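Just my_file-v6.txt here, compact mmCIF, C-alpha atoms and all ligand atoms:
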```txt
# COMPACT_ATOMS: atom_id res chain seq x y z
CA MET A 1 -9.81 -17.09 -2.14
CA THR A 2 -12.40 -19.64 -0.95
CA LEU A 3 -15.40 -20.66 -3.03
CA ASN A 4 -17.70 -18.92 -0.55
CA ALA A 5 -15.77 -15.67 -0.83
CA SER A 6 -15.86 -15.81 -4.65
CA GLN A 7 -19.62 -16.46 -4.59
CA GLU A 8 -20.18 -13.53 -2.21
CA ILE A 9 -18.18 -11.24 -4.52
CA SER A 10 -20.17 -12.40 -7.59
CA LEU A 11 -23.43 -11.74 -5.76
CA LEU A 12 -22.29 -8.26 -4.73
CA ARG A 13 -21.24 -7.49 -8.28
CA GLU A 14 -24.61 -8.57 -9.64
CA THR A 15 -26.50 -6.26 -7.28
CA LYS A 16 -27.03 -2.73 -8.62
CA TYR A 17 -28.32 0.36 -6.84
CA GLU A 18 -29.82 3.53 -8.23
CA THR A 19 -28.17 6.66 -6.86
CA ARG A 20 -28.05 10.43 -7.37
CA ARG A 21 -24.44 10.48 -6.28
CA PRO A 22 -21.72 10.61 -8.96
CA THR A 23 -20.13 7.28 -9.78
CA VAL A 24 -17.02 6.52 -11.82
CA PRO A 25 -17.56 3.81 -14.50
CA ALA A 26 -13.91 2.70 -14.38
CA MET A 27 -14.26 2.12 -10.62
CA GLU A 28 -17.60 0.32 -10.97
CA GLU A 29 -15.78 -2.10 -13.30
CA ILE A 30 -13.38 -3.23 -10.56
CA LEU A 31 -15.59 -2.79 -7.49
CA TYR A 32 -15.24 -5.74 -5.06
CA GLU A 33 -12.90 -7.64 -7.41
CA PRO A 34 -9.66 -8.78 -5.74
CA ILE A 35 -6.47 -7.66 -7.47
CA PRO A 36 -3.99 -10.44 -6.57
CA LEU A 37 -0.62 -9.44 -5.09
CA LEU A 38 2.37 -11.44 -3.82
CA ASP A 39 1.51 -15.12 -3.37
CA HIS A 40 -1.74 -14.92 -1.38
CA GLY A 41 -2.47 -11.21 -1.00
CA PHE A 42 -4.84 -8.83 -2.70
CA ILE A 43 -6.40 -5.41 -2.66
CA ARG A 44 -10.01 -4.86 -3.58
CA VAL A 45 -12.03 -1.67 -3.63
CA ILE A 46 -15.11 -1.94 -1.43
CA ASP A 47 -16.43 1.59 -1.83
CA TYR A 48 -15.49 5.10 -2.85
CA MET A 49 -16.98 8.55 -2.46
CA GLY A 50 -16.47 11.46 -4.86
CA ASP A 51 -14.49 11.96 -8.04
CA ASP A 52 -12.33 14.69 -9.60
CA SER A 53 -15.37 16.98 -9.73
CA ALA A 54 -15.88 16.58 -5.97
CA VAL A 55 -12.42 18.10 -5.45
CA VAL A 56 -13.23 21.01 -7.75
CA GLN A 57 -16.70 21.42 -6.22
CA ALA A 58 -15.25 21.66 -2.70
CA ALA A 59 -12.50 24.04 -3.81
CA ARG A 60 -15.08 26.37 -5.37
CA VAL A 61 -17.66 25.73 -2.61
CA SER A 62 -20.14 25.49 -5.46
CA TYR A 63 -23.81 24.43 -5.48
CA GLY A 64 -23.64 22.27 -8.56
CA LYS A 65 -21.14 19.76 -9.86
CA GLY A 66 -18.52 22.46 -9.69
CA THR A 67 -17.40 21.71 -13.20
CA LYS A 68 -16.54 24.53 -15.57
CA GLN A 69 -14.51 23.52 -18.58
CA ILE A 70 -12.64 20.23 -18.22
CA ASN A 71 -9.37 22.06 -18.80
CA GLU A 72 -10.20 24.58 -16.08
CA ASP A 73 -10.97 21.77 -13.63
CA LYS A 74 -7.73 20.07 -14.50
CA GLY A 75 -5.84 23.33 -14.06
CA LEU A 76 -7.48 23.94 -10.69
CA ILE A 77 -6.57 20.44 -9.45
CA ASN A 78 -2.97 20.99 -10.57
CA TYR A 79 -2.91 24.36 -8.82
CA LEU A 80 -4.33 22.93 -5.59
CA LEU A 81 -1.80 20.15 -5.42
CA ARG A 82 1.11 22.33 -6.49
CA HIS A 83 0.34 24.82 -3.73
CA PHE A 84 -0.47 22.28 -1.02
CA HIS A 85 -4.08 23.44 -0.82
CA THR A 86 -5.03 19.99 0.35
CA THR A 87 -8.44 20.13 2.04
CA PRO A 88 -10.50 19.75 -1.18
CA PHE A 89 -8.84 16.34 -1.64
CA GLU A 90 -10.10 15.28 1.77
CA MET A 91 -13.65 15.33 0.35
CA CYS A 92 -13.04 12.06 -1.52
CA GLU A 93 -12.78 8.76 0.32
CA ILE A 94 -11.90 5.20 -0.65
CA LYS A 95 -12.35 1.92 1.21
CA PHE A 96 -10.33 -1.23 0.57
CA HIS A 97 -10.27 -4.81 1.72
CA LEU A 98 -6.59 -5.75 1.98
CA LYS A 99 -4.79 -9.01 2.51
CA MET A 100 -1.07 -8.86 3.19
CA PRO A 101 1.70 -10.54 5.22
CA ILE A 102 1.86 -9.38 8.85
CA PHE A 103 5.27 -7.71 8.32
CA VAL A 104 3.72 -5.59 5.53
CA ALA A 105 0.75 -4.78 7.77
CA ARG A 106 3.16 -3.55 10.46
CA GLN A 107 4.55 -0.98 8.04
CA TRP A 108 1.08 -0.20 6.70
CA LEU A 109 -0.38 0.53 10.11
CA ARG A 110 2.22 3.23 10.76
CA HIS A 111 0.00 5.39 8.56
CA ARG A 112 -2.25 6.79 11.24
CA THR A 113 -4.62 8.82 9.12
CA ALA A 114 -6.72 5.89 7.87
CA SER A 115 -9.57 4.02 9.57
CA VAL A 116 -8.72 0.35 10.04
CA ASN A 117 -10.39 -2.82 11.14
CA GLU A 118 -8.10 -5.86 11.13
CA TYR A 119 -9.00 -9.55 11.14
CA SER A 120 -9.02 -10.75 14.72
CA ALA A 121 -6.84 -13.79 15.35
CA ARG A 122 -8.14 -13.64 18.95
CA TYR A 123 -11.59 -14.41 17.61
CA SER A 124 -10.94 -16.39 14.42
CA ILE A 125 -8.40 -18.91 13.21
CA LEU A 126 -5.76 -17.80 10.72
CA ASP A 127 -5.43 -19.70 7.44
CA ARG A 128 -2.33 -21.70 6.62
CA GLU A 129 -1.13 -18.98 4.28
CA PHE A 130 2.33 -17.53 4.48
CA TYR A 131 4.40 -15.39 2.17
CA VAL A 132 7.33 -16.94 0.33
CA PRO A 133 9.26 -14.46 -1.83
CA GLU A 134 9.90 -15.18 -5.48
CA PRO A 135 13.55 -16.25 -5.94
CA ASP A 136 14.32 -13.02 -7.81
CA GLN A 137 13.34 -11.07 -4.69
CA LEU A 138 15.83 -12.88 -2.48
CA ALA A 139 18.77 -10.54 -2.31
CA ILE A 140 21.81 -9.81 -0.18
CA GLN A 141 22.03 -6.83 2.19
CA SER A 142 22.82 -3.57 0.43
CA LYS A 143 26.09 -1.93 1.48
CA THR A 144 24.98 1.60 0.65
CA ASN A 145 21.44 1.49 2.03
CA ARG A 146 20.97 -0.15 5.39
CA GLN A 147 17.28 -0.53 4.65
CA GLY A 148 17.76 -2.06 1.22
CA ARG A 149 18.60 -5.06 -0.92
CA ALA A 150 21.43 -5.52 -3.39
CA GLU A 151 22.17 -8.39 -5.83
CA THR A 152 19.87 -11.40 -5.90
CA LEU A 153 21.02 -14.70 -4.43
CA ASN A 154 22.29 -17.38 -6.76
CA PRO A 155 19.75 -20.18 -7.43
CA PHE A 156 21.41 -22.58 -4.97
CA GLN A 157 21.36 -20.05 -2.11
CA ALA A 158 17.83 -18.96 -3.00
CA HIS A 159 16.63 -22.56 -2.91
CA GLU A 160 18.14 -23.05 0.55
CA VAL A 161 16.53 -19.88 1.94
CA LEU A 162 13.13 -20.77 0.48
CA GLN A 163 13.32 -24.26 1.95
CA ILE A 164 14.02 -22.88 5.42
CA LEU A 165 11.26 -20.28 5.13
CA LYS A 166 8.71 -22.90 4.11
CA GLU A 167 9.81 -25.41 6.74
CA ASP A 168 9.69 -22.86 9.56
CA ALA A 169 6.31 -21.47 8.54
CA THR A 170 4.84 -24.95 8.12
CA LYS A 171 6.18 -26.12 11.46
CA ALA A 172 4.88 -23.00 13.21
CA TYR A 173 1.41 -23.58 11.74
CA ASP A 174 1.47 -27.25 12.78
CA HIS A 175 2.18 -26.10 16.33
CA TYR A 176 -0.55 -23.45 16.07
CA GLN A 177 -3.03 -26.21 15.20
CA GLN A 178 -1.65 -28.35 18.00
CA PHE A 179 -2.20 -25.46 20.46
CA LEU A 180 -5.72 -24.93 19.14
CA ASN A 181 -6.23 -28.70 19.17
CA GLN A 182 -8.20 -28.27 15.98
CA ASP A 183 -7.53 -29.41 12.40
CA MET A 184 -8.19 -27.51 9.13
CA ASP A 185 -11.81 -28.70 9.09
CA GLY A 186 -12.44 -27.49 12.63
CA GLN A 187 -12.37 -31.04 14.09
CA VAL A 188 -10.81 -31.63 17.51
CA ILE A 189 -7.43 -33.35 17.10
CA ASP A 190 -7.07 -34.91 20.56
CA PRO A 191 -10.27 -35.12 22.66
CA GLU A 192 -8.14 -35.72 25.77
CA LYS A 193 -6.46 -32.32 25.47
CA PRO A 194 -7.77 -28.77 25.90
CA GLY A 195 -7.40 -26.24 23.08
CA ILE A 196 -5.37 -23.15 24.02
CA ALA A 197 -7.13 -19.77 23.61
CA ARG A 198 -6.85 -18.44 20.04
CA GLU A 199 -5.27 -15.21 21.29
CA LEU A 200 -2.39 -17.27 22.71
CA ALA A 201 -2.16 -20.04 20.14
CA ARG A 202 -1.30 -17.50 17.44
CA ILE A 203 1.77 -16.04 19.12
CA ASN A 204 4.29 -18.45 17.61
CA LEU A 205 3.28 -17.63 14.03
CA PRO A 206 5.94 -15.78 12.04
CA VAL A 207 5.34 -12.39 10.46
CA ASN A 208 5.11 -13.82 6.93
CA TYR A 209 1.62 -15.13 7.77
CA TYR A 210 -1.19 -13.27 6.07
CA THR A 211 -3.60 -10.90 7.79
CA GLN A 212 -6.55 -8.94 6.42
CA MET A 213 -8.09 -5.57 7.08
CA TYR A 214 -10.66 -3.09 5.92
CA TRP A 215 -8.94 0.25 5.35
CA LYS A 216 -10.61 3.57 4.61
CA ILE A 217 -8.75 6.76 3.84
CA ASN A 218 -9.37 10.14 2.23
CA LEU A 219 -7.69 11.10 -1.00
CA HIS A 220 -5.28 13.55 0.63
CA ASN A 221 -3.99 11.03 3.16
CA TRP A 222 -3.93 8.28 0.53
CA MET A 223 -1.65 10.41 -1.65
CA HIS A 224 0.69 10.82 1.31
CA PHE A 225 0.69 7.04 1.81
CA LEU A 226 1.31 6.38 -1.89
CA ARG A 227 4.05 8.97 -2.08
CA LEU A 228 5.95 7.08 0.62
CA ARG A 229 5.10 3.49 -0.24
CA ALA A 230 5.12 3.54 -4.06
CA ASP A 231 8.57 5.08 -3.83
CA GLU A 232 11.57 2.95 -4.75
CA HIS A 233 12.90 3.32 -1.19
CA ALA A 234 9.90 1.48 0.24
CA GLN A 235 10.29 -2.25 0.82
CA TYR A 236 9.34 -4.28 -2.28
CA GLU A 237 6.56 -6.17 -0.52
CA ILE A 238 4.62 -3.03 0.48
CA ARG A 239 5.56 -1.26 -2.76
CA VAL A 240 3.71 -3.80 -4.91
CA TYR A 241 0.54 -2.95 -2.97
CA ALA A 242 1.07 0.78 -3.38
CA GLN A 243 1.77 0.34 -7.09
CA ALA A 244 -1.43 -1.64 -7.58
CA MET A 245 -3.22 1.18 -5.79
CA LEU A 246 -1.77 3.67 -8.28
CA ASP A 247 -3.77 1.91 -11.01
CA VAL A 248 -6.92 2.26 -8.90
CA PHE A 249 -6.04 5.92 -8.31
CA GLN A 250 -5.77 6.55 -12.06
CA ARG A 251 -9.16 4.95 -12.70
CA TRP A 252 -10.90 6.84 -9.91
CA VAL A 253 -9.66 10.43 -10.19
CA PRO A 254 -7.52 10.68 -13.36
CA PHE A 255 -6.87 14.45 -13.12
CA THR A 256 -5.77 14.21 -9.51
CA TYR A 257 -3.66 11.16 -10.37
CA GLN A 258 -1.85 13.07 -13.09
CA ALA A 259 -1.26 16.02 -10.77
CA PHE A 260 -0.03 13.64 -8.07
CA CYS A 261 2.48 12.05 -10.50
CA ASP A 262 3.73 15.49 -11.55
CA TYR A 263 3.88 17.29 -8.20
CA ARG A 264 4.45 14.50 -5.68
CA LEU A 265 5.42 11.03 -6.89
CA ASN A 266 7.92 12.00 -9.58
CA SER A 267 8.97 15.30 -8.10
CA MET A 268 11.49 16.21 -5.46
CA ASN A 269 11.97 19.07 -3.04
CA LEU A 270 15.15 20.99 -3.56
CA SER A 271 16.96 22.24 -0.48
CA ALA A 272 18.41 25.75 -0.51
CA LYS A 273 21.86 24.19 -1.05
CA ALA A 274 20.63 22.07 -3.98
CA LEU A 275 19.03 25.14 -5.52
CA GLN A 276 22.26 27.07 -5.11
CA ALA A 277 24.21 24.19 -6.72
CA ILE A 278 21.86 24.21 -9.74
CA LYS A 279 22.14 27.97 -10.13
CA LEU A 280 25.95 27.71 -10.09
CA MET A 281 25.88 24.82 -12.59
CA LEU A 282 23.67 26.86 -14.92
CA LYS A 283 26.30 29.59 -14.78
CA GLY A 284 28.81 26.98 -15.97
CA GLU A 285 30.70 26.73 -12.67
CA THR A 286 32.13 23.49 -11.30
CA VAL A 287 30.21 22.58 -8.18
CA THR A 288 31.22 20.08 -5.50
CA ALA A 289 29.63 19.08 -2.20
CA GLU A 290 32.06 21.43 -0.46
CA THR A 291 31.14 24.40 -2.68
CA VAL A 292 27.57 24.36 -1.40
CA GLY A 293 28.23 22.72 2.00
CA MET A 294 26.35 19.46 1.40
CA SER A 295 27.10 16.30 3.39
CA PRO A 296 28.36 13.29 1.36
CA GLY A 297 24.96 11.57 1.70
CA GLU A 298 23.08 14.67 0.61
CA TRP A 299 25.42 15.16 -2.32
CA ARG A 300 24.98 11.51 -3.37
CA GLU A 301 21.20 11.87 -3.35
CA PHE A 302 21.42 15.14 -5.29
CA GLN A 303 23.67 13.51 -7.90
CA GLY A 304 21.21 10.64 -8.14
CA VAL A 305 18.37 13.04 -8.90
CA LEU A 306 20.39 14.89 -11.55
CA ALA A 307 21.42 11.61 -13.17
CA ALA A 308 17.84 10.36 -13.22
CA SER A 309 16.39 13.45 -14.83
C1 LIG B 1 11.24 4.17 3.38
C2 LIG B 1 10.71 4.21 4.78
C3 LIG B 1 11.50 3.78 5.83
C4 LIG B 1 11.00 3.82 7.15
N1 LIG B 1 11.77 3.39 8.18
C5 LIG B 1 11.29 3.39 9.44
C6 LIG B 1 12.07 2.93 10.56
O1 LIG B 1 13.22 2.51 10.40
N2 LIG B 1 11.52 2.94 11.79
C7 LIG B 1 10.26 3.40 12.01
O2 LIG B 1 9.80 3.39 13.17
N3 LIG B 1 9.50 3.87 11.00
C8 LIG B 1 9.98 3.86 9.74
N4 LIG B 1 9.19 4.31 8.71
C9 LIG B 1 7.84 4.78 9.01
C10 LIG B 1 7.78 6.31 8.97
O3 LIG B 1 8.62 6.88 9.96
C11 LIG B 1 6.34 6.79 9.22
O4 LIG B 1 5.91 6.34 10.47
C12 LIG B 1 5.39 6.26 8.18
O5 LIG B 1 5.90 6.41 6.89
C13 LIG B 1 4.07 7.00 8.31
O6 LIG B 1 4.27 8.31 7.89
P1 LIG B 1 3.44 9.50 8.46
O7 LIG B 1 3.59 9.59 9.96
O8 LIG B 1 3.81 10.73 7.69
O9 LIG B 1 1.95 9.05 8.05
P2 LIG B 1 0.57 9.20 8.80
O10 LIG B 1 0.58 8.50 10.10
O11 LIG B 1 -0.47 8.80 7.82
O12 LIG B 1 0.44 10.72 9.09
C14 LIG B 1 0.27 11.66 8.01
C15 LIG B 1 0.70 13.01 8.51
O13 LIG B 1 -0.17 13.41 9.57
C16 LIG B 1 0.56 14.10 10.54
N5 LIG B 1 0.47 13.38 11.81
C17 LIG B 1 -0.18 12.20 12.05
N6 LIG B 1 -0.08 11.86 13.34
C18 LIG B 1 0.64 12.84 13.93
C19 LIG B 1 1.12 13.05 15.25
N7 LIG B 1 0.83 12.23 16.26
N8 LIG B 1 1.83 14.15 15.51
C20 LIG B 1 2.15 15.03 14.51
N9 LIG B 1 1.75 14.90 13.24
C21 LIG B 1 1.01 13.81 12.96
C22 LIG B 1 1.99 14.22 10.04
O14 LIG B 1 2.11 15.40 9.30
C23 LIG B 1 2.11 13.05 9.09
O15 LIG B 1 3.09 13.20 8.10
C24 LIG B 1 9.67 4.29 7.40
C25 LIG B 1 8.89 4.73 6.32
C26 LIG B 1 9.38 4.69 5.04
C27 LIG B 1 8.50 5.14 3.90
```
Here is a file; write its structure as structure tokens.
Amino acid sequence: MTLNASQEISLLRETKYETRRPTVPAMEEILYEPIPLLDHGFIRVIDYMGDDSAVVQAARVSYGKGTKQINEDKGLINYLLRHFHTTPFEMCEIKFHLKMPIFVARQWLRHRTASVNEYSARYSILDREFYVPEPDQLAIQSKTNRQGRAETLNPFQAHEVLQILKEDATKAYDHYQQFLNQDMDGQVIDPEKPGIARELARINLPVNYYTQMYWKINLHNWMHFLRLRADEHAQYEIRVYAQAMLDVFQRWVPFTYQAFCDYRLNSMNLSAKALQAIKLMLKGETVTAETVGMSPGEWREFQGVLAAS
């Protein structure tokens, strides 16, 4: 974070507005403040609209705040989420400023139901900031999950990988500057040479370089995003962002957050076969994958769920 950026954030945080709209004190506390993630990344809340009452208000199509008793509101939110009555959650919106490695952004941007504006490396020059994993995140390929990691590398191997990562990223940035013909302070490096267009100079940069975006999403779509990306199957580097967002979620709409944890994040859908297996188990029968016609993979996942609960 540059000095200028920190000063701008301080100034924003000092400025207060009077409003008739509901605000959430716990969100006001963190508004604009970057929450650091990975080695150079962050999330920061730029704005939000609505609160738990806005969900209730929309569900009841009420004139006022929509609030009855707190317990009734909580119960209604639980009911809505449990029964996939999702439109009331679309009434709340949240806007973030995000900074993440490009490979994380590639996964992030698969979520099509948000509004995005990304930093333009055609227009501006990217900083010399690239992601280097912590040694305990350097792991070998998992044998059971093709999209996963297994044991961490030993310190010697980890050191070697980190060295290569740093060398490659540094070299790529040196060449980027050479293409631009511009140093870190914006000074021309070689007056005899032209600078290549920024949109072309950037193309040799690896995907561990950082990018930034503004990202706005409604509460319903955000829950879908968090369900997928805070899950243990999501890649670690995007998961840390989603997990930091869970803390923001809890501050903003605590009733909805609790319902989300109960009915989405920590829940699972049972297939008809899984349900049949459970019914048989409750009767005391021995059940195998064959008994209920599950594939080995399905059976493994089912066993995993039973073991976890
Ligand atoms: C663990 C994990 C592994 C993954 N692996 C891969 C991979 O190997 N390769 C890969 O390409 N992707 C992969 N993905 C990305 C994944 O396939 C989805 O693209 C991503 O999670 C976004 O999900 P979504 O489409 O539901 O979200 P959003 O784009 O936010 O959409 C939300 C919902 O809106 C609806 N919707 C939005 N657009 C459309 C549309 N055009 N048509 C119909 N319905 C629509 C759907 O109901 C959708 O679920 C992976 C994701 C995860 C979490």
Using all atoms listed in the file, which residues of chain A come within 6 Å of ligand LIG 1 (chain B), and what is the closest atom pair for each, with the distance in Å to one decimal? Give it as a Markdown table, sorted by chain and residue number.
```
| residue | atom | partner | partner_atom | distance |
| --- | --- | --- | --- | --- |
| A:Arg110 | CA | B:LIG1 | O4 | 4.8 |
| A:His111 | CA | B:LIG1 | O10 | 3.5 |
| A:Arg112 | CA | B:LIG1 | O10 | 3.5 |
| A:Thr113 | CA | B:LIG1 | O11 | 4.3 |
| A:Leu228 | CA | B:LIG1 | C27 | 4.6 |
| A:Arg229 | CA | B:LIG1 | C27 | 5.6 |
| A:His233 | CA | B:LIG1 | C1 | 4.9 |
| A:Ala234 | CA | B:LIG1 | C1 | 4.3 |
```
With a distance cut-off of 7 Å and all atoms listed in the file, select the neighbouring residues of stretch 159-173 of chain A, excluding the residue or stretch itself and same-chain residues fewer than 6 positions from it, and output the selection as a PyMOL selection string.
chain A and resi 128+130+132+204-206
Counting all atoms listed in the file, find residues at most 12 Å from (-19.1, 8.4, -2.6) (file frame) and give them as a PyMOL selection string.
chain A and resi 19-24+27-28+46-54+91-95+218-219+252
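Shell of A:Met281 at 12 Å, with only C-alpha atoms counted and residues fewer than 6 places along the chain excluded, is A:Ala274, A:Leu275, A:Val287, A:Thr288, A:Thr291, A:Val292, A:Leu306.
Atom pair atom CA of A:Glu151 / atom CA of A:Gln137 has a distance of 9.3 Å (rounded to one decimal).
Between atom CA of A:Ile30 and atom CA of A:Thr2 there is a distance of 19.0 Å.
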Could you add whatever atoms are missing so that stretch 245-254 of chain A carries all heavy atoms, then write the result as a tab-separated table (two decimals), keeping the file's coordinate frame?
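Once written, selection26.tsv looks like this:
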```
chain	number	residue	atom	x	y	z
A	245	MET	N	-2.28	0.12	-6.15
A	245	MET	CA	-3.22	1.18	-5.79
A	245	MET	C	-3.11	2.37	-6.75
A	245	MET	O	-4.08	3.09	-6.96
A	245	MET	CB	-2.97	1.64	-4.35
A	245	MET	CG	-3.53	0.67	-3.34
A	245	MET	SD	-3.31	1.28	-1.66
A	245	MET	CE	-4.58	0.31	-0.84
A	246	LEU	N	-1.92	2.58	-7.31
A	246	LEU	CA	-1.77	3.67	-8.28
A	246	LEU	C	-2.69	3.45	-9.48
A	246	LEU	O	-3.27	4.40	-10.02
A	246	LEU	CB	-0.32	3.79	-8.76
A	246	LEU	CG	0.70	4.34	-7.76
A	246	LEU	CD1	2.08	4.40	-8.41
A	246	LEU	CD2	0.32	5.71	-7.23
A	247	ASP	N	-2.86	2.20	-9.88
A	247	ASP	CA	-3.77	1.91	-11.01
A	247	ASP	C	-5.21	2.25	-10.63
A	247	ASP	O	-5.97	2.77	-11.46
A	247	ASP	CB	-3.68	0.43	-11.41
A	247	ASP	CG	-2.31	0.08	-11.97
A	247	ASP	OD1	-1.64	0.99	-12.47
A	247	ASP	OD2	-1.93	-1.10	-11.89
A	248	VAL	N	-5.57	1.94	-9.39
A	248	VAL	CA	-6.92	2.26	-8.90
A	248	VAL	C	-7.08	3.79	-8.88
A	248	VAL	O	-8.11	4.33	-9.30
A	248	VAL	CB	-7.14	1.67	-7.49
A	248	VAL	CG1	-8.49	2.11	-6.93
A	248	VAL	CG2	-7.03	0.15	-7.51
A	249	PHE	N	-6.06	4.46	-8.41
A	249	PHE	CA	-6.04	5.92	-8.31
A	249	PHE	C	-6.33	6.53	-9.70
A	249	PHE	O	-7.21	7.40	-9.86
A	249	PHE	CB	-4.65	6.31	-7.80
A	249	PHE	CG	-4.44	7.76	-7.43
A	249	PHE	CD1	-3.24	8.15	-6.83
A	249	PHE	CD2	-5.40	8.73	-7.67
A	249	PHE	CE1	-3.01	9.47	-6.48
A	249	PHE	CE2	-5.18	10.06	-7.33
A	249	PHE	CZ	-3.99	10.42	-6.75
A	250	GLN	N	-5.62	6.02	-10.70
A	250	GLN	CA	-5.77	6.55	-12.06
A	250	GLN	C	-7.20	6.35	-12.60
A	250	GLN	O	-7.76	7.21	-13.27
A	250	GLN	CB	-4.76	5.88	-12.99
A	250	GLN	CG	-4.71	6.53	-14.35
A	250	GLN	CD	-3.55	6.01	-15.19
A	250	GLN	OE1	-2.99	4.96	-14.89
A	250	GLN	NE2	-3.19	6.73	-16.22
A	251	ARG	N	-7.78	5.22	-12.27
A	251	ARG	CA	-9.16	4.95	-12.70
A	251	ARG	C	-10.15	5.91	-12.03
A	251	ARG	O	-11.10	6.36	-12.63
A	251	ARG	CB	-9.59	3.55	-12.22
A	251	ARG	CG	-9.10	2.43	-13.03
A	251	ARG	CD	-9.52	1.12	-12.38
A	251	ARG	NE	-9.15	0.02	-13.25
A	251	ARG	CZ	-9.95	-0.48	-14.19
A	251	ARG	NH1	-11.17	-0.04	-14.34
A	251	ARG	NH2	-9.53	-1.45	-14.97
A	252	TRP	N	-9.91	6.12	-10.73
A	252	TRP	CA	-10.90	6.84	-9.91
A	252	TRP	C	-10.90	8.34	-10.21
A	252	TRP	O	-11.94	8.92	-10.54
A	252	TRP	CB	-10.60	6.55	-8.43
A	252	TRP	CG	-11.48	7.23	-7.44
A	252	TRP	CD1	-12.78	7.61	-7.60
A	252	TRP	CD2	-11.12	7.60	-6.11
A	252	TRP	NE1	-13.27	8.19	-6.46
A	252	TRP	CE2	-12.26	8.20	-5.53
A	252	TRP	CE3	-9.95	7.50	-5.34
A	252	TRP	CZ2	-12.26	8.68	-4.22
A	252	TRP	CZ3	-9.96	7.96	-4.04
A	252	TRP	CH2	-11.10	8.55	-3.49
A	253	VAL	N	-9.75	8.97	-10.06
A	253	VAL	CA	-9.66	10.43	-10.19
A	253	VAL	C	-8.48	10.76	-11.13
A	253	VAL	O	-7.40	11.15	-10.66
A	253	VAL	CB	-9.49	11.11	-8.81
A	253	VAL	CG1	-10.82	11.26	-8.08
A	253	VAL	CG2	-8.53	10.33	-7.90
A	254	PRO	N	-8.66	10.58	-12.43
A	254	PRO	CA	-7.52	10.68	-13.36
A	254	PRO	C	-6.81	12.03	-13.34
A	254	PRO	O	-5.58	12.08	-13.48
A	254	PRO	CB	-8.15	10.40	-14.73
A	254	PRO	CG	-9.62	10.39	-14.55
A	254	PRO	CD	-9.91	10.17	-13.11
```
